>>> print(open('start.pdb').read())   # PDB, C-alpha atoms and all ligand atoms
ATOM      1  CA  MET A   1     -12.979 -29.537-134.978  1.00  0.00           C
ATOM      2  CA  TRP A   2     -15.937 -27.881-133.271  1.00  0.00           C
ATOM      3  CA  SER A   3     -16.841 -30.935-131.229  1.00  0.00           C
ATOM      4  CA  LYS A   4     -13.368 -31.706-129.874  1.00  0.00           C
ATOM      5  CA  ARG A   5     -13.437 -32.716-126.196  1.00  0.00           C
ATOM      6  CA  ASP A   6     -11.887 -34.877-123.503  1.00  0.00           C
ATOM      7  CA  LEU A   7      -8.335 -34.426-124.739  1.00  0.00           C
ATOM      8  CA  ILE A   8      -5.765 -36.839-123.349  1.00  0.00           C
ATOM      9  CA  ASP A   9      -2.163 -35.736-123.646  1.00  0.00           C
ATOM     10  CA  TYR A  10       0.439 -38.499-123.838  1.00  0.00           C
ATOM     11  CA  SER A  11       3.510 -36.260-123.655  1.00  0.00           C
ATOM     12  CA  LEU A  12       4.464 -37.674-120.235  1.00  0.00           C
ATOM     13  CA  ASP A  13       4.488 -41.209-121.654  1.00  0.00           C
ATOM     14  CA  ARG A  14       6.475 -39.933-124.591  1.00  0.00           C
ATOM     15  CA  ARG A  15       9.023 -38.282-122.329  1.00  0.00           C
ATOM     16  CA  ALA A  16       9.254 -41.442-120.208  1.00  0.00           C
ATOM     17  CA  THR A  17      10.035 -43.462-123.337  1.00  0.00           C
ATOM     18  CA  LEU A  18      12.754 -40.992-124.301  1.00  0.00           C
ATOM     19  CA  VAL A  19      14.254 -41.096-120.783  1.00  0.00           C
ATOM     20  CA  SER A  20      14.318 -44.923-120.823  1.00  0.00           C
ATOM     21  CA  LEU A  21      15.967 -44.713-124.188  1.00  0.00           C
ATOM     22  CA  ARG A  22      18.701 -42.457-122.872  1.00  0.00           C
ATOM     23  CA  ARG A  23      19.182 -44.720-119.838  1.00  0.00           C
ATOM     24  CA  GLY A  24      19.444 -47.699-122.120  1.00  0.00           C
ATOM     25  CA  SER A  25      16.520 -49.633-120.639  1.00  0.00           C
ATOM     26  CA  VAL A  26      14.735 -49.318-123.991  1.00  0.00           C
ATOM     27  CA  SER A  27      16.734 -49.825-127.167  1.00  0.00           C
ATOM     28  CA  ALA A  28      16.458 -47.577-130.192  1.00  0.00           C
ATOM     29  CA  LEU A  29      15.323 -50.647-132.105  1.00  0.00           C
ATOM     30  CA  ASP A  30      12.254 -50.900-129.879  1.00  0.00           C
ATOM     31  CA  ALA A  31      11.455 -47.195-129.932  1.00  0.00           C
ATOM     32  CA  CYS A  32      12.023 -46.726-133.666  1.00  0.00           C
ATOM     33  CA  ASP A  33      10.072 -49.756-134.780  1.00  0.00           C
ATOM     34  CA  ALA A  34       7.661 -48.219-137.290  1.00  0.00           C
ATOM     35  CA  ASP A  35       7.163 -51.024-139.776  1.00  0.00           C
ATOM     36  CA  PRO A  36       7.068 -50.415-143.550  1.00  0.00           C
ATOM     37  CA  TYR A  37       3.251 -50.245-143.521  1.00  0.00           C
ATOM     38  CA  LEU A  38       3.187 -47.567-140.869  1.00  0.00           C
ATOM     39  CA  LYS A  39       5.918 -45.536-142.559  1.00  0.00           C
ATOM     40  CA  ARG A  40       4.164 -45.788-145.880  1.00  0.00           C
ATOM     41  CA  ALA A  41       0.847 -44.751-144.373  1.00  0.00           C
ATOM     42  CA  ALA A  42       2.595 -41.811-142.701  1.00  0.00           C
ATOM     43  CA  GLU A  43       4.244 -40.801-145.951  1.00  0.00           C
ATOM     44  CA  TYR A  44       1.045 -40.862-148.013  1.00  0.00           C
ATOM     45  CA  HIS A  45      -1.621 -39.961-145.470  1.00  0.00           C
ATOM     46  CA  GLY A  46       0.245 -38.174-142.690  1.00  0.00           C
ATOM     47  CA  GLU A  47       0.130 -34.468-141.987  1.00  0.00           C
ATOM     48  CA  ILE A  48       3.513 -32.808-142.285  1.00  0.00           C
ATOM     49  CA  THR A  49       4.743 -31.186-139.063  1.00  0.00           C
ATOM     50  CA  LYS A  50       7.596 -28.816-138.297  1.00  0.00           C
ATOM     51  CA  ARG A  51       8.681 -30.780-135.243  1.00  0.00           C
ATOM     52  CA  GLU A  52      12.121 -32.224-134.877  1.00  0.00           C
ATOM     53  CA  CYS A  53      12.431 -35.961-134.337  1.00  0.00           C
ATOM     54  CA  PRO A  54      13.501 -36.562-130.707  1.00  0.00           C
ATOM     55  CA  ILE A  55      15.812 -39.353-131.850  1.00  0.00           C
ATOM     56  CA  CYS A  56      17.444 -38.436-135.168  1.00  0.00           C
ATOM     57  CA  LYS A  57      16.708 -34.640-135.067  1.00  0.00           C
ATOM     58  CA  LYS A  58      15.474 -34.600-138.655  1.00  0.00           C
ATOM     59  CA  LEU A  59      12.369 -32.608-139.598  1.00  0.00           C
ATOM     60  CA  ASN A  60      10.532 -35.539-141.032  1.00  0.00           C
ATOM     61  CA  ILE A  61       7.796 -36.122-138.475  1.00  0.00           C
ATOM     62  CA  ARG A  62       4.346 -36.929-139.837  1.00  0.00           C
ATOM     63  CA  GLU A  63       1.129 -37.218-137.883  1.00  0.00           C
ATOM     64  CA  LEU A  64      -1.438 -39.918-138.514  1.00  0.00           C
ATOM     65  CA  ARG A  65      -4.926 -39.942-137.045  1.00  0.00           C
ATOM     66  CA  TYR A  66      -6.851 -43.099-136.270  1.00  0.00           C
ATOM     67  CA  ALA A  67     -10.568 -43.008-135.495  1.00  0.00           C
ATOM     68  CA  PHE A  68     -11.954 -45.589-133.062  1.00  0.00           C
ATOM     69  CA  GLY A  69     -15.492 -46.041-131.839  1.00  0.00           C
ATOM     70  CA  ASP A  70     -18.415 -48.457-131.575  1.00  0.00           C
ATOM     71  CA  GLN A  71     -20.545 -46.266-133.818  1.00  0.00           C
ATOM     72  CA  LEU A  72     -17.982 -46.494-136.625  1.00  0.00           C
ATOM     73  CA  GLY A  73     -18.574 -50.240-136.954  1.00  0.00           C
ATOM     74  CA  GLN A  74     -16.216 -51.791-139.498  1.00  0.00           C
ATOM     75  CA  TYR A  75     -14.622 -48.401-140.073  1.00  0.00           C
ATOM     76  CA  SER A  76     -13.264 -48.214-136.543  1.00  0.00           C
ATOM     77  CA  GLY A  77      -9.482 -48.190-136.401  1.00  0.00           C
ATOM     78  CA  ARG A  78      -8.900 -46.554-139.762  1.00  0.00           C
ATOM     79  CA  ILE A  79      -6.629 -43.704-140.683  1.00  0.00           C
ATOM     80  CA  LYS A  80      -8.557 -40.478-141.290  1.00  0.00           C
ATOM     81  CA  SER A  81      -7.511 -37.112-142.672  1.00  0.00           C
ATOM     82  CA  LEU A  82      -8.437 -33.875-140.927  1.00  0.00           C
ATOM     83  CA  ALA A  83     -10.990 -33.170-143.670  1.00  0.00           C
ATOM     84  CA  GLU A  84     -12.597 -36.580-143.166  1.00  0.00           C
ATOM     85  CA  LEU A  85     -12.704 -36.089-139.404  1.00  0.00           C
ATOM     86  CA  ASP A  86     -14.333 -32.725-139.931  1.00  0.00           C
ATOM     87  CA  GLU A  87     -17.164 -34.417-141.822  1.00  0.00           C
ATOM     88  CA  MET A  88     -17.372 -37.367-139.460  1.00  0.00           C
ATOM     89  CA  GLN A  89     -18.042 -35.216-136.414  1.00  0.00           C
ATOM     90  CA  ASN A  90     -21.439 -34.366-137.941  1.00  0.00           C
ATOM     91  CA  GLU A  91     -22.180 -37.978-138.880  1.00  0.00           C
ATOM     92  CA  TYR A  92     -21.395 -39.814-135.644  1.00  0.00           C
ATOM     93  CA  GLY A  93     -22.269 -39.288-132.026  1.00  0.00           C
ATOM     94  CA  GLU A  94     -18.932 -40.151-130.522  1.00  0.00           C
ATOM     95  CA  PHE A  95     -15.583 -41.545-131.564  1.00  0.00           C
ATOM     96  CA  ARG A  96     -12.032 -41.114-130.347  1.00  0.00           C
ATOM     97  CA  VAL A  97      -9.203 -39.864-132.522  1.00  0.00           C
ATOM     98  CA  TYR A  98      -5.672 -41.045-131.730  1.00  0.00           C
ATOM     99  CA  THR A  99      -2.843 -38.962-133.129  1.00  0.00           C
ATOM    100  CA  VAL A 100       0.461 -40.738-133.651  1.00  0.00           C
ATOM    101  CA  GLU A 101       3.763 -39.182-134.718  1.00  0.00           C
ATOM    102  CA  ILE A 102       6.058 -41.117-137.014  1.00  0.00           C
ATOM    103  CA  CYS A 103       9.561 -40.195-138.166  1.00  0.00           C
ATOM    104  CA  LEU A 104      10.038 -41.167-141.805  1.00  0.00           C
ATOM    105  CA  ASP A 105      13.808 -41.237-141.307  1.00  0.00           C
ATOM    106  CA  CYS A 106      14.485 -43.340-138.217  1.00  0.00           C
ATOM    107  CA  GLY A 107      11.096 -44.918-137.598  1.00  0.00           C
ATOM    108  CA  TRP A 108      10.436 -43.305-134.226  1.00  0.00           C
ATOM    109  CA  ASN A 109       6.720 -43.491-133.463  1.00  0.00           C
ATOM    110  CA  HIS A 110       4.627 -42.530-130.486  1.00  0.00           C
ATOM    111  CA  LEU A 111       1.100 -41.627-129.488  1.00  0.00           C
ATOM    112  CA  ILE A 112       0.831 -37.876-128.856  1.00  0.00           C
ATOM    113  CA  TYR A 113      -2.762 -37.190-127.905  1.00  0.00           C
ATOM    114  CA  SER A 114      -6.305 -38.362-128.330  1.00  0.00           C
ATOM    115  CA  TYR A 115      -9.666 -36.655-128.165  1.00  0.00           C
ATOM    116  CA  LEU A 116     -13.335 -37.304-128.677  1.00  0.00           C
ATOM    117  CA  LEU A 117     -15.307 -36.005-131.651  1.00  0.00           C
ATOM    118  CA  GLY A 118     -18.958 -36.310-132.595  1.00  0.00           C
ATOM    119  CA  ASP A 119     -22.253 -34.511-132.211  1.00  0.00           C
ATOM    120  CA  GLY A 120     -23.281 -36.454-129.113  1.00  0.00           C
ATOM    121  CA  VAL A 121     -26.264 -38.149-130.776  1.00  0.00           C
ATOM    122  CA  ALA A 122     -26.058 -41.930-130.334  1.00  0.00           C
ATOM    123  CA  ARG A 123     -26.273 -43.911-133.556  1.00  0.00           C
ATOM    124  CA  LYS A 124     -26.071 -47.556-134.531  1.00  0.00           C
ATOM    125  CA  ALA A 125     -22.972 -48.750-136.303  1.00  0.00           C
ATOM    126  CA  PRO A 126     -23.382 -48.855-140.096  1.00  0.00           C
ATOM    127  CA  ARG A 127     -24.160 -52.247-141.559  1.00  0.00           C
ATOM    128  CA  LYS A 128     -21.109 -54.084-142.768  1.00  0.00           C
ATOM    129  CA  SER A 129     -20.579 -53.672-146.466  1.00  0.00           C
ATOM    130  CA  HIS A 130     -17.761 -54.375-148.838  1.00  0.00           C
ATOM    131  CA  THR A 131     -15.955 -51.225-149.912  1.00  0.00           C
ATOM    132  CA  MET A 132     -13.091 -50.298-152.161  1.00  0.00           C
ATOM    133  CA  GLU A 133     -11.200 -49.519-149.006  1.00  0.00           C
ATOM    134  CA  ASP A 134     -11.348 -53.180-147.995  1.00  0.00           C
ATOM    135  CA  ASP A 135      -9.395 -54.053-151.121  1.00  0.00           C
ATOM    136  CA  ASP A 136      -6.790 -51.417-150.330  1.00  0.00           C
ATOM    137  CA  TRP A 137      -6.699 -52.263-146.664  1.00  0.00           C
ATOM    138  CA  GLY A 138      -3.612 -54.434-146.817  1.00  0.00           C
ATOM    139  CA  HIS A 139      -1.144 -51.969-148.179  1.00  0.00           C
ATOM    140  CA  LEU A 140      -2.683 -48.592-147.379  1.00  0.00           C
ATOM    141  CA  THR A 141      -3.974 -48.870-143.858  1.00  0.00           C
ATOM    142  CA  GLY A 142      -2.075 -51.915-142.714  1.00  0.00           C
ATOM    143  CA  ALA A 143      -0.751 -50.084-139.692  1.00  0.00           C
ATOM    144  CA  ALA A 144      -4.124 -50.117-138.030  1.00  0.00           C
ATOM    145  CA  ARG A 145      -4.954 -53.755-138.584  1.00  0.00           C
ATOM    146  CA  PRO A 146      -5.538 -55.778-135.447  1.00  0.00           C
ATOM    147  CA  ASP A 147      -3.072 -58.439-136.482  1.00  0.00           C
ATOM    148  CA  GLY A 148      -0.308 -57.973-133.976  1.00  0.00           C
ATOM    149  CA  ARG A 149       1.959 -55.858-136.119  1.00  0.00           C
ATOM    150  CA  VAL A 150       0.969 -52.749-134.233  1.00  0.00           C
ATOM    151  CA  LYS A 151       1.823 -51.553-130.760  1.00  0.00           C
ATOM    152  CA  ALA A 152      -0.779 -51.996-128.055  1.00  0.00           C
ATOM    153  CA  TRP A 153      -1.726 -48.335-128.022  1.00  0.00           C
ATOM    154  CA  TYR A 154      -2.902 -48.389-131.607  1.00  0.00           C
ATOM    155  CA  MET A 155      -5.650 -50.718-130.514  1.00  0.00           C
ATOM    156  CA  PRO A 156      -7.024 -49.181-127.319  1.00  0.00           C
ATOM    157  CA  SER A 157      -9.587 -51.367-125.620  1.00  0.00           C
ATOM    158  CA  GLU A 158     -13.054 -49.974-125.191  1.00  0.00           C
ATOM    159  CA  GLY A 159     -13.980 -48.879-121.708  1.00  0.00           C
ATOM    160  CA  LYS A 160     -10.446 -47.885-120.776  1.00  0.00           C
ATOM    161  CA  ARG A 161     -11.497 -44.249-120.826  1.00  0.00           C
ATOM    162  CA  ARG A 162     -10.836 -41.983-117.910  1.00  0.00           C
TER     163      ARG A 162
HETATM  164 ZN    ZN A 201      13.814 -39.740-136.481  1.00  0.00          ZN
END
>>> encode(input="start.pdb", output="structure tokens")
Amino acid sequence: MWSKRDLIDYSLDRRATLVSLRRGSVSALDACDADPYLKRAAEYHGEITKRECPICKKLNIRELRYAFGDQLGQYSGRIKSLAELDEMQNEYGEFRVYTVEICLDCGWNHLIYSYLLGDGVARKAPRKSHTMEDDDWGHLTGAARPDGRVKAWYMPSEGKRR
């Protein structure tokens, strides 16, 4: 990722969630609420990690990456692999990648970090076109759909940047 910049680390938020969990002000049901779509996406598209789940201690944490940006047009908010992101940084001026960890066992999920990619050259969003991905959207990338099934931080609002 040669163009990686403006990294935001969410480990403090993550720790705060874990502390609230231990204190009982957040229930495990709320913290481990990965729905079947998210778990499935993590299983098929997620990168395998060697991290231990902070809740169930199993080594079944996967990382998913979502790309958001005006220049991505209809493709904003989709799950992207590292290889795809590598190509995209030469094709778009700027977009933000959000990395989320998901435990396939207990359903723990949290944002870990985000960063900007892109070559810095402003481009117009691609014209909307129907793709094969649209047909698969429902079951493959359902986690990123703006339909209320996802936590607020999957759908960051534009302009909230620091
Ligand atoms: Zn777990």
>>> closest_residue(input="start.pdb", among="A:Asp33, A:Asp13, A:Glu91, A:Glu43", to="Leu64 of chain A", atoms="all atoms listed in the file")
A:Glu43
>>> residues_near_ligand(input="start.pdb", ligand="ligand ZN 201 (chain A)", cutoff="9 Å", atoms="all atoms listed in the file", output="list in words")
Cys32, Glu52, Cys53, Pro54, Ile55, Cys56, Lys57, Lys58, Leu59, Asn60, Ile61, Ile102, Cys103, Leu104, Asp105, Cys106, Gly107, Trp108 and Asn109 of chain A
>>> closest_residue(input="start.pdb", among="A:Ala125, A:Ile8, A:Ala16, A:Ala41", to="Ile79 of chain A", atoms="all atoms listed in the file")
A:Ala41
>>> atom_distance(input="start.pdb", atom1="atom CA of Ser76 of chain A", atom2="atom CA of Lys39 of chain A")
20.3 Å
>>> residues_around(input="start.pdb", residues="Leu117 of chain A", least_positions_apart="3", cutoff="12 Å", atoms="only C-alpha atoms", output="PyMOL selection string")
chain A and resi 1-7+66-69+71-72+82+84-98+114+120-121
>>> resolve_selection(input="start.pdb", expression="the PyMOL selection byres (((chain A and resi 127) around 10) and not hetatm)", output="compact mmCIF listing (two decimals) with C-alpha atoms, keeping the file's coordinate frame")
# COMPACT_ATOMS: atom_id res chain seq x y z
CA LEU A 72 -17.98 -46.49 -136.62
CA GLY A 73 -18.57 -50.24 -136.95
CA GLN A 74 -16.22 -51.79 -139.50
CA LYS A 124 -26.07 -47.56 -134.53
CA ALA A 125 -22.97 -48.75 -136.30
CA PRO A 126 -23.38 -48.86 -140.10
CA LYS A 128 -21.11 -54.08 -142.77
CA SER A 129 -20.58 -53.67 -146.47
CA HIS A 130 -17.76 -54.38 -148.84
>>> atom_distance(input="start.pdb", atom1="atom CA of Tyr115 of chain A", atom2="atom CA of Arg14 of chain A")
16.9 Å
>>> atom_distance(input="start.pdb", atom1="atom CA of Arg15 of chain A", atom2="atom CA of Ala83 of chain A")
29.7 Å
>>> resolve_selection(input="start.pdb", expression="the PyMOL selection byres (((chain A and resi 63) around 6) and not hetatm)", output="ChimeraX atom specification")
/A:46-47,62,64,100-101
